[in-house]
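K.L.:
Below is one structure. I have some questions about it.
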Amino acid sequence: MRIHVGCAMWTHRSWQGRFLAHPLPAHERLRHYASWCNAVEGNTTFYATPSRDTAESWARQTDPGFRFLPKLPKLITHERCLTDVDEPLHAFLDAVEPLGPRAHTLWIQLPGAFGPADVSLLARFLGRLTTSHRYAVEVRHPAFFDDPRAARLLEEVLATVDAEWIPFDTTTFFASPPASDAERDAWAKKPRVSFRPVALTDRPIVRYLGRDDSARTVEGWQRWVDIVVEWLREGRSPTVFVHTPDNAEAPLLARRFHEDVRARVPDLDPLPRELLPAEPQTLF
């Protein structure tokens, strides 16, 4: 059994000299991150399609079991709203091809305005995708979380291509008013939707947003520990991404989540044990 855990990114200013060596060239940062976590969200691809050379560098820095979930570019999902996207989609698929098995799932993050009336558009888009990849969809419209009919409609469309529904659990974050600048910024930007603990496939994916107070983050994820343990016992292979508003402790928290699950499931494969040094080695 194996669970993958990770963060929204593989480099962060506050991690330098702590989780990652500093200074560290760009082509080494993912390798250091991969000694802490075995998965990462593909946020960078949401903003721009990478070059093949860049994807080849990512592959060299990670082993084949590492899970990279590249997001489709916002040009496809937000700007063109899944229509007239054959050219940018082909360019994206070609660019990430060097990742091979590391490109575990292609992530389709849809804007908050995408609601139940737009599901037929998603159905047509999914129907045109190649079967050589797995897919997962993230929606943010509250109706999908609060209206059972809207949820069933989306689930039926996802089932046609065996795609997963990625919940973004922000319930812990929104349980009390923000207490820091980073929390106030996230308060205005993050989706406020109901808790959804349902897996549609054998490889469920969860995004969890805690607080800058690590103790509150850990307290809030306890129900996810219960759910993930049950998924593992059912034979599923989940991926969990841990966020906090400032993400200062995110790699450590991701490992802590893994440890909390492994305490309940001792047969679970461990995370990498040889953490790369945060301080670069010198000759003297």
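Going through the structure tokens in order, the chains are called A, B, and so on, while each chain numbers its residues from 1 and the ligands are numbered from 1 in the order shown.
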Which neighbours of A:Val242 fall inside 9 Å, counting only C-alpha atoms, when residues of the same chain fewer than 3 positions from it are skipped, and could you give them as a count of residues only?

P.N.:
15

K.L.:
When you look at A:His22 with a cut-off of 12 Å (counting only C-alpha atoms), what residues show up, excluding the ones that are within fewer than 2 positions of it in the same chain? I need them as a ChimeraX atom specification.

P.N.:
/A:11-20,24-26,28-29,32,276-281

K.L.:
Can you list every residue in stretch 75-186 of chain A that DSSP puts in helix (DSSP H, G or I), as a PDB file with N, CA, C and O atoms, in the first residue's frame?

P.N.:
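selection.pdb, written as the output of this step:
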```
ATOM      1  N   LEU A  75      -5.161  28.841 -20.037  1.00  0.00           N
ATOM      2  CA  LEU A  75      -5.607  29.188 -21.385  1.00  0.00           C
ATOM      3  C   LEU A  75      -6.707  28.236 -21.833  1.00  0.00           C
ATOM      4  O   LEU A  75      -7.681  28.645 -22.484  1.00  0.00           O
ATOM      5  N   ILE A  76      -6.585  26.967 -21.459  1.00  0.00           N
ATOM      6  CA  ILE A  76      -7.559  25.954 -21.847  1.00  0.00           C
ATOM      7  C   ILE A  76      -8.788  25.992 -20.954  1.00  0.00           C
ATOM      8  O   ILE A  76      -9.924  25.979 -21.438  1.00  0.00           O
ATOM      9  N   THR A  77      -8.570  26.040 -19.647  1.00  0.00           N
ATOM     10  CA  THR A  77      -9.680  25.879 -18.699  1.00  0.00           C
ATOM     11  C   THR A  77     -10.413  27.171 -18.369  1.00  0.00           C
ATOM     12  O   THR A  77     -11.627  27.151 -18.133  1.00  0.00           O
ATOM     13  N   HIS A  78      -9.700  28.284 -18.333  1.00  0.00           N
ATOM     14  CA  HIS A  78     -10.299  29.539 -17.892  1.00  0.00           C
ATOM     15  C   HIS A  78     -10.525  30.536 -19.034  1.00  0.00           C
ATOM     16  O   HIS A  78     -11.590  31.145 -19.124  1.00  0.00           O
ATOM     17  N   GLU A  79      -9.509  30.699 -19.877  1.00  0.00           N
ATOM     18  CA  GLU A  79      -9.613  31.722 -20.913  1.00  0.00           C
ATOM     19  C   GLU A  79     -10.456  31.256 -22.100  1.00  0.00           C
ATOM     20  O   GLU A  79     -11.262  32.023 -22.633  1.00  0.00           O
ATOM     21  N   ASP A  86      -7.791  22.603 -29.195  1.00  0.00           N
ATOM     22  CA  ASP A  86      -7.006  21.477 -29.715  1.00  0.00           C
ATOM     23  C   ASP A  86      -5.516  21.805 -29.794  1.00  0.00           C
ATOM     24  O   ASP A  86      -4.669  20.988 -29.410  1.00  0.00           O
ATOM     25  N   GLU A  87      -5.196  22.997 -30.280  1.00  0.00           N
ATOM     26  CA  GLU A  87      -3.781  23.353 -30.446  1.00  0.00           C
ATOM     27  C   GLU A  87      -3.058  23.482 -29.103  1.00  0.00           C
ATOM     28  O   GLU A  87      -1.998  22.860 -28.907  1.00  0.00           O
ATOM     29  N   PRO A  88      -3.560  24.290 -28.148  1.00  0.00           N
ATOM     30  CA  PRO A  88      -2.848  24.376 -26.866  1.00  0.00           C
ATOM     31  C   PRO A  88      -2.854  23.065 -26.093  1.00  0.00           C
ATOM     32  O   PRO A  88      -1.903  22.767 -25.365  1.00  0.00           O
ATOM     33  N   LEU A  89      -3.908  22.250 -26.252  1.00  0.00           N
ATOM     34  CA  LEU A  89      -3.938  20.963 -25.560  1.00  0.00           C
ATOM     35  C   LEU A  89      -2.875  20.035 -26.124  1.00  0.00           C
ATOM     36  O   LEU A  89      -2.160  19.358 -25.367  1.00  0.00           O
ATOM     37  N   HIS A  90      -2.744  19.998 -27.438  1.00  0.00           N
ATOM     38  CA  HIS A  90      -1.716  19.159 -28.059  1.00  0.00           C
ATOM     39  C   HIS A  90      -0.325  19.619 -27.609  1.00  0.00           C
ATOM     40  O   HIS A  90       0.548  18.788 -27.304  1.00  0.00           O
ATOM     41  N   ALA A  91      -0.097  20.928 -27.558  1.00  0.00           N
ATOM     42  CA  ALA A  91       1.203  21.453 -27.134  1.00  0.00           C
ATOM     43  C   ALA A  91       1.499  21.063 -25.680  1.00  0.00           C
ATOM     44  O   ALA A  91       2.635  20.707 -25.337  1.00  0.00           O
ATOM     45  N   PHE A  92       0.477  21.116 -24.841  1.00  0.00           N
ATOM     46  CA  PHE A  92       0.652  20.750 -23.432  1.00  0.00           C
ATOM     47  C   PHE A  92       0.985  19.259 -23.290  1.00  0.00           C
ATOM     48  O   PHE A  92       1.927  18.890 -22.572  1.00  0.00           O
ATOM     49  N   LEU A  93       0.236  18.407 -23.966  1.00  0.00           N
ATOM     50  CA  LEU A  93       0.472  16.969 -23.868  1.00  0.00           C
ATOM     51  C   LEU A  93       1.861  16.601 -24.383  1.00  0.00           C
ATOM     52  O   LEU A  93       2.539  15.735 -23.821  1.00  0.00           O
ATOM     53  N   ASP A  94       2.295  17.263 -25.440  1.00  0.00           N
ATOM     54  CA  ASP A  94       3.631  17.011 -25.963  1.00  0.00           C
ATOM     55  C   ASP A  94       4.699  17.462 -24.975  1.00  0.00           C
ATOM     56  O   ASP A  94       5.720  16.790 -24.805  1.00  0.00           O
ATOM     57  N   ALA A  95       4.452  18.585 -24.316  1.00  0.00           N
ATOM     58  CA  ALA A  95       5.443  19.135 -23.385  1.00  0.00           C
ATOM     59  C   ALA A  95       5.643  18.243 -22.165  1.00  0.00           C
ATOM     60  O   ALA A  95       6.774  18.076 -21.688  1.00  0.00           O
ATOM     61  N   VAL A  96       4.578  17.666 -21.631  1.00  0.00           N
ATOM     62  CA  VAL A  96       4.696  16.874 -20.399  1.00  0.00           C
ATOM     63  C   VAL A  96       5.015  15.404 -20.673  1.00  0.00           C
ATOM     64  O   VAL A  96       5.227  14.639 -19.731  1.00  0.00           O
ATOM     65  N   GLU A  97       5.088  15.016 -21.934  1.00  0.00           N
ATOM     66  CA  GLU A  97       5.353  13.623 -22.271  1.00  0.00           C
ATOM     67  C   GLU A  97       6.631  13.087 -21.636  1.00  0.00           C
ATOM     68  O   GLU A  97       6.665  11.923 -21.191  1.00  0.00           O
ATOM     69  N   PRO A  98       7.730  13.874 -21.526  1.00  0.00           N
ATOM     70  CA  PRO A  98       8.937  13.340 -20.901  1.00  0.00           C
ATOM     71  C   PRO A  98       8.772  12.925 -19.444  1.00  0.00           C
ATOM     72  O   PRO A  98       9.612  12.174 -18.917  1.00  0.00           O
ATOM     73  N   LEU A  99       7.726  13.372 -18.782  1.00  0.00           N
ATOM     74  CA  LEU A  99       7.515  12.972 -17.390  1.00  0.00           C
ATOM     75  C   LEU A  99       7.162  11.494 -17.275  1.00  0.00           C
ATOM     76  O   LEU A  99       7.342  10.892 -16.213  1.00  0.00           O
ATOM     77  N   GLY A 100       6.658  10.911 -18.347  1.00  0.00           N
ATOM     78  CA  GLY A 100       6.321   9.495 -18.318  1.00  0.00           C
ATOM     79  C   GLY A 100       5.358   9.166 -17.198  1.00  0.00           C
ATOM     80  O   GLY A 100       4.364   9.870 -16.987  1.00  0.00           O
ATOM     81  N   PRO A 101       5.641   8.107 -16.412  1.00  0.00           N
ATOM     82  CA  PRO A 101       4.715   7.690 -15.358  1.00  0.00           C
ATOM     83  C   PRO A 101       4.596   8.689 -14.217  1.00  0.00           C
ATOM     84  O   PRO A 101       3.673   8.594 -13.408  1.00  0.00           O
ATOM     85  N   ARG A 102       5.517   9.645 -14.141  1.00  0.00           N
ATOM     86  CA  ARG A 102       5.430  10.659 -13.085  1.00  0.00           C
ATOM     87  C   ARG A 102       4.202  11.551 -13.270  1.00  0.00           C
ATOM     88  O   ARG A 102       3.681  12.092 -12.297  1.00  0.00           O
ATOM     89  N   PRO A 116     -23.310  23.864 -12.749  1.00  0.00           N
ATOM     90  CA  PRO A 116     -24.017  22.698 -13.297  1.00  0.00           C
ATOM     91  C   PRO A 116     -24.454  22.867 -14.748  1.00  0.00           C
ATOM     92  O   PRO A 116     -24.455  21.896 -15.512  1.00  0.00           O
ATOM     93  N   ALA A 117     -24.796  24.082 -15.154  1.00  0.00           N
ATOM     94  CA  ALA A 117     -25.230  24.312 -16.535  1.00  0.00           C
ATOM     95  C   ALA A 117     -24.111  24.097 -17.540  1.00  0.00           C
ATOM     96  O   ALA A 117     -24.366  23.954 -18.745  1.00  0.00           O
ATOM     97  N   ASP A 118     -22.859  24.053 -17.061  1.00  0.00           N
ATOM     98  CA  ASP A 118     -21.708  23.920 -17.954  1.00  0.00           C
ATOM     99  C   ASP A 118     -21.189  22.489 -18.050  1.00  0.00           C
ATOM    100  O   ASP A 118     -20.205  22.230 -18.755  1.00  0.00           O
ATOM    101  N   VAL A 119     -21.823  21.551 -17.350  1.00  0.00           N
ATOM    102  CA  VAL A 119     -21.305  20.184 -17.300  1.00  0.00           C
ATOM    103  C   VAL A 119     -21.284  19.535 -18.685  1.00  0.00           C
ATOM    104  O   VAL A 119     -20.383  18.749 -18.999  1.00  0.00           O
ATOM    105  N   SER A 120     -22.247  19.868 -19.526  1.00  0.00           N
ATOM    106  CA  SER A 120     -22.250  19.290 -20.874  1.00  0.00           C
ATOM    107  C   SER A 120     -21.010  19.714 -21.655  1.00  0.00           C
ATOM    108  O   SER A 120     -20.481  18.955 -22.469  1.00  0.00           O
ATOM    109  N   LEU A 121     -20.520  20.915 -21.393  1.00  0.00           N
ATOM    110  CA  LEU A 121     -19.288  21.391 -22.024  1.00  0.00           C
ATOM    111  C   LEU A 121     -18.108  20.550 -21.573  1.00  0.00           C
ATOM    112  O   LEU A 121     -17.247  20.154 -22.378  1.00  0.00           O
ATOM    113  N   LEU A 122     -18.057  20.250 -20.289  1.00  0.00           N
ATOM    114  CA  LEU A 122     -17.004  19.390 -19.757  1.00  0.00           C
ATOM    115  C   LEU A 122     -17.098  17.992 -20.361  1.00  0.00           C
ATOM    116  O   LEU A 122     -16.078  17.381 -20.703  1.00  0.00           O
ATOM    117  N   ALA A 123     -18.324  17.485 -20.505  1.00  0.00           N
ATOM    118  CA  ALA A 123     -18.511  16.147 -21.067  1.00  0.00           C
ATOM    119  C   ALA A 123     -17.938  16.064 -22.478  1.00  0.00           C
ATOM    120  O   ALA A 123     -17.257  15.082 -22.833  1.00  0.00           O
ATOM    121  N   ARG A 124     -18.196  17.077 -23.286  1.00  0.00           N
ATOM    122  CA  ARG A 124     -17.662  17.071 -24.653  1.00  0.00           C
ATOM    123  C   ARG A 124     -16.147  17.140 -24.644  1.00  0.00           C
ATOM    124  O   ARG A 124     -15.476  16.470 -25.437  1.00  0.00           O
ATOM    125  N   PHE A 125     -15.589  17.938 -23.762  1.00  0.00           N
ATOM    126  CA  PHE A 125     -14.138  18.073 -23.675  1.00  0.00           C
ATOM    127  C   PHE A 125     -13.503  16.751 -23.244  1.00  0.00           C
ATOM    128  O   PHE A 125     -12.533  16.277 -23.864  1.00  0.00           O
ATOM    129  N   LEU A 126     -14.036  16.132 -22.204  1.00  0.00           N
ATOM    130  CA  LEU A 126     -13.479  14.872 -21.722  1.00  0.00           C
ATOM    131  C   LEU A 126     -13.577  13.787 -22.789  1.00  0.00           C
ATOM    132  O   LEU A 126     -12.687  12.935 -22.912  1.00  0.00           O
ATOM    133  N   GLY A 127     -14.651  13.823 -23.554  1.00  0.00           N
ATOM    134  CA  GLY A 127     -14.841  12.813 -24.583  1.00  0.00           C
ATOM    135  C   GLY A 127     -13.820  12.873 -25.700  1.00  0.00           C
ATOM    136  O   GLY A 127     -13.632  11.897 -26.428  1.00  0.00           O
ATOM    137  N   ALA A 143     -22.727  24.835  -5.880  1.00  0.00           N
ATOM    138  CA  ALA A 143     -23.848  23.939  -6.200  1.00  0.00           C
ATOM    139  C   ALA A 143     -23.402  22.485  -6.281  1.00  0.00           C
ATOM    140  O   ALA A 143     -24.162  21.577  -5.904  1.00  0.00           O
ATOM    141  N   PHE A 144     -22.198  22.221  -6.748  1.00  0.00           N
ATOM    142  CA  PHE A 144     -21.733  20.840  -6.867  1.00  0.00           C
ATOM    143  C   PHE A 144     -21.573  20.179  -5.494  1.00  0.00           C
ATOM    144  O   PHE A 144     -21.603  18.959  -5.378  1.00  0.00           O
ATOM    145  N   PHE A 145     -21.404  20.980  -4.462  1.00  0.00           N
ATOM    146  CA  PHE A 145     -21.186  20.461  -3.116  1.00  0.00           C
ATOM    147  C   PHE A 145     -22.465  20.448  -2.282  1.00  0.00           C
ATOM    148  O   PHE A 145     -22.546  19.710  -1.298  1.00  0.00           O
ATOM    149  N   ASP A 146     -23.424  21.280  -2.661  1.00  0.00           N
ATOM    150  CA  ASP A 146     -24.634  21.420  -1.847  1.00  0.00           C
ATOM    151  C   ASP A 146     -25.892  20.872  -2.499  1.00  0.00           C
ATOM    152  O   ASP A 146     -26.883  20.616  -1.812  1.00  0.00           O
ATOM    153  N   PRO A 148     -27.453  17.780  -4.420  1.00  0.00           N
ATOM    154  CA  PRO A 148     -27.190  16.383  -4.797  1.00  0.00           C
ATOM    155  C   PRO A 148     -27.388  16.122  -6.292  1.00  0.00           C
ATOM    156  O   PRO A 148     -26.673  15.297  -6.876  1.00  0.00           O
ATOM    157  N   ARG A 149     -28.328  16.816  -6.918  1.00  0.00           N
ATOM    158  CA  ARG A 149     -28.558  16.596  -8.352  1.00  0.00           C
ATOM    159  C   ARG A 149     -27.362  17.079  -9.166  1.00  0.00           C
ATOM    160  O   ARG A 149     -26.949  16.416 -10.127  1.00  0.00           O
ATOM    161  N   ALA A 150     -26.805  18.236  -8.787  1.00  0.00           N
ATOM    162  CA  ALA A 150     -25.627  18.745  -9.487  1.00  0.00           C
ATOM    163  C   ALA A 150     -24.433  17.814  -9.281  1.00  0.00           C
ATOM    164  O   ALA A 150     -23.650  17.564 -10.206  1.00  0.00           O
ATOM    165  N   ALA A 151     -24.286  17.304  -8.064  1.00  0.00           N
ATOM    166  CA  ALA A 151     -23.181  16.383  -7.786  1.00  0.00           C
ATOM    167  C   ALA A 151     -23.309  15.111  -8.621  1.00  0.00           C
ATOM    168  O   ALA A 151     -22.323  14.628  -9.199  1.00  0.00           O
ATOM    169  N   ARG A 152     -24.517  14.544  -8.702  1.00  0.00           N
ATOM    170  CA  ARG A 152     -24.720  13.331  -9.493  1.00  0.00           C
ATOM    171  C   ARG A 152     -24.442  13.578 -10.968  1.00  0.00           C
ATOM    172  O   ARG A 152     -23.861  12.731 -11.651  1.00  0.00           O
ATOM    173  N   LEU A 153     -24.852  14.728 -11.458  1.00  0.00           N
ATOM    174  CA  LEU A 153     -24.621  15.066 -12.857  1.00  0.00           C
ATOM    175  C   LEU A 153     -23.130  15.074 -13.166  1.00  0.00           C
ATOM    176  O   LEU A 153     -22.678  14.503 -14.171  1.00  0.00           O
ATOM    177  N   LEU A 154     -22.353  15.709 -12.315  1.00  0.00           N
ATOM    178  CA  LEU A 154     -20.909  15.763 -12.519  1.00  0.00           C
ATOM    179  C   LEU A 154     -20.291  14.372 -12.375  1.00  0.00           C
ATOM    180  O   LEU A 154     -19.435  13.980 -13.181  1.00  0.00           O
ATOM    181  N   GLU A 155     -20.710  13.627 -11.375  1.00  0.00           N
ATOM    182  CA  GLU A 155     -20.161  12.295 -11.173  1.00  0.00           C
ATOM    183  C   GLU A 155     -20.409  11.395 -12.378  1.00  0.00           C
ATOM    184  O   GLU A 155     -19.541  10.600 -12.767  1.00  0.00           O
ATOM    185  N   GLU A 156     -21.590  11.495 -12.973  1.00  0.00           N
ATOM    186  CA  GLU A 156     -21.913  10.673 -14.138  1.00  0.00           C
ATOM    187  C   GLU A 156     -21.004  11.001 -15.320  1.00  0.00           C
ATOM    188  O   GLU A 156     -20.553  10.106 -16.041  1.00  0.00           O
ATOM    189  N   VAL A 157     -20.726  12.287 -15.511  1.00  0.00           N
ATOM    190  CA  VAL A 157     -19.836  12.689 -16.608  1.00  0.00           C
ATOM    191  C   VAL A 157     -18.412  12.201 -16.347  1.00  0.00           C
ATOM    192  O   VAL A 157     -17.742  11.670 -17.251  1.00  0.00           O
ATOM    193  N   LEU A 158     -17.936  12.341 -15.123  1.00  0.00           N
ATOM    194  CA  LEU A 158     -16.579  11.898 -14.790  1.00  0.00           C
ATOM    195  C   LEU A 158     -16.446  10.385 -14.939  1.00  0.00           C
ATOM    196  O   LEU A 158     -15.397   9.882 -15.367  1.00  0.00           O
ATOM    197  N   ALA A 159     -17.515   9.659 -14.617  1.00  0.00           N
ATOM    198  CA  ALA A 159     -17.459   8.194 -14.694  1.00  0.00           C
ATOM    199  C   ALA A 159     -17.250   7.697 -16.124  1.00  0.00           C
ATOM    200  O   ALA A 159     -16.683   6.617 -16.326  1.00  0.00           O
ATOM    201  N   PHE A 173      -9.984  25.877   7.437  1.00  0.00           N
ATOM    202  CA  PHE A 173      -9.516  27.255   7.268  1.00  0.00           C
ATOM    203  C   PHE A 173     -10.616  28.264   7.575  1.00  0.00           C
ATOM    204  O   PHE A 173     -10.397  29.254   8.271  1.00  0.00           O
ATOM    205  N   PHE A 174     -11.824  28.017   7.081  1.00  0.00           N
ATOM    206  CA  PHE A 174     -12.911  28.976   7.241  1.00  0.00           C
ATOM    207  C   PHE A 174     -13.679  28.800   8.556  1.00  0.00           C
ATOM    208  O   PHE A 174     -14.682  29.475   8.768  1.00  0.00           O
ATOM    209  N   ALA A 175     -13.199  27.939   9.436  1.00  0.00           N
ATOM    210  CA  ALA A 175     -13.911  27.707  10.700  1.00  0.00           C
ATOM    211  C   ALA A 175     -13.819  28.887  11.661  1.00  0.00           C
ATOM    212  O   ALA A 175     -14.655  29.032  12.554  1.00  0.00           O
ATOM    213  N   ASP A 181      -1.604  37.960   7.966  1.00  0.00           N
ATOM    214  CA  ASP A 181      -1.737  38.567   6.637  1.00  0.00           C
ATOM    215  C   ASP A 181      -1.969  37.496   5.579  1.00  0.00           C
ATOM    216  O   ASP A 181      -2.795  37.668   4.672  1.00  0.00           O
ATOM    217  N   ALA A 182      -1.234  36.374   5.680  1.00  0.00           N
ATOM    218  CA  ALA A 182      -1.404  35.301   4.700  1.00  0.00           C
ATOM    219  C   ALA A 182      -2.805  34.711   4.791  1.00  0.00           C
ATOM    220  O   ALA A 182      -3.427  34.394   3.767  1.00  0.00           O
ATOM    221  N   GLU A 183      -3.326  34.565   5.988  1.00  0.00           N
ATOM    222  CA  GLU A 183      -4.680  34.027   6.146  1.00  0.00           C
ATOM    223  C   GLU A 183      -5.724  35.002   5.623  1.00  0.00           C
ATOM    224  O   GLU A 183      -6.719  34.586   5.016  1.00  0.00           O
ATOM    225  N   ARG A 184      -5.503  36.287   5.837  1.00  0.00           N
ATOM    226  CA  ARG A 184      -6.461  37.277   5.313  1.00  0.00           C
ATOM    227  C   ARG A 184      -6.471  37.271   3.787  1.00  0.00           C
ATOM    228  O   ARG A 184      -7.530  37.411   3.160  1.00  0.00           O
ATOM    229  N   ASP A 185      -5.304  37.106   3.189  1.00  0.00           N
ATOM    230  CA  ASP A 185      -5.235  37.033   1.724  1.00  0.00           C
ATOM    231  C   ASP A 185      -5.958  35.788   1.220  1.00  0.00           C
ATOM    232  O   ASP A 185      -6.731  35.854   0.259  1.00  0.00           O
ATOM    233  N   ALA A 186      -5.709  34.648   1.861  1.00  0.00           N
ATOM    234  CA  ALA A 186      -6.368  33.409   1.456  1.00  0.00           C
ATOM    235  C   ALA A 186      -7.874  33.472   1.689  1.00  0.00           C
ATOM    236  O   ALA A 186      -8.650  32.894   0.926  1.00  0.00           O
TER     237      ALA A 186
END
```

K.L.:
Please, which residues of stretch 52-87 of chain A, numbered as in this document, come out strand (DSSP E) from DSSP, as a PDB file with N, CA and C atoms, in the first residue's frame?

P.N.:
```pdb
ATOM      1  N   ARG A  67       4.795  11.294  -7.930  1.00  0.00           N
ATOM      2  CA  ARG A  67       3.560  11.708  -8.596  1.00  0.00           C
ATOM      3  C   ARG A  67       3.563  13.213  -8.845  1.00  0.00           C
ATOM      4  N   PHE A  68       3.526  13.560 -10.098  1.00  0.00           N
ATOM      5  CA  PHE A  68       3.409  14.948 -10.536  1.00  0.00           C
ATOM      6  C   PHE A  68       2.043  15.083 -11.189  1.00  0.00           C
ATOM      7  N   LEU A  69       1.219  16.009 -10.707  1.00  0.00           N
ATOM      8  CA  LEU A  69      -0.126  16.181 -11.244  1.00  0.00           C
ATOM      9  C   LEU A  69      -0.193  17.507 -11.996  1.00  0.00           C
ATOM     10  N   PRO A  70       0.251  17.541 -13.246  1.00  0.00           N
ATOM     11  CA  PRO A  70       0.283  18.805 -13.988  1.00  0.00           C
ATOM     12  C   PRO A  70      -1.122  19.312 -14.305  1.00  0.00           C
TER      13      PRO A  70
END
```
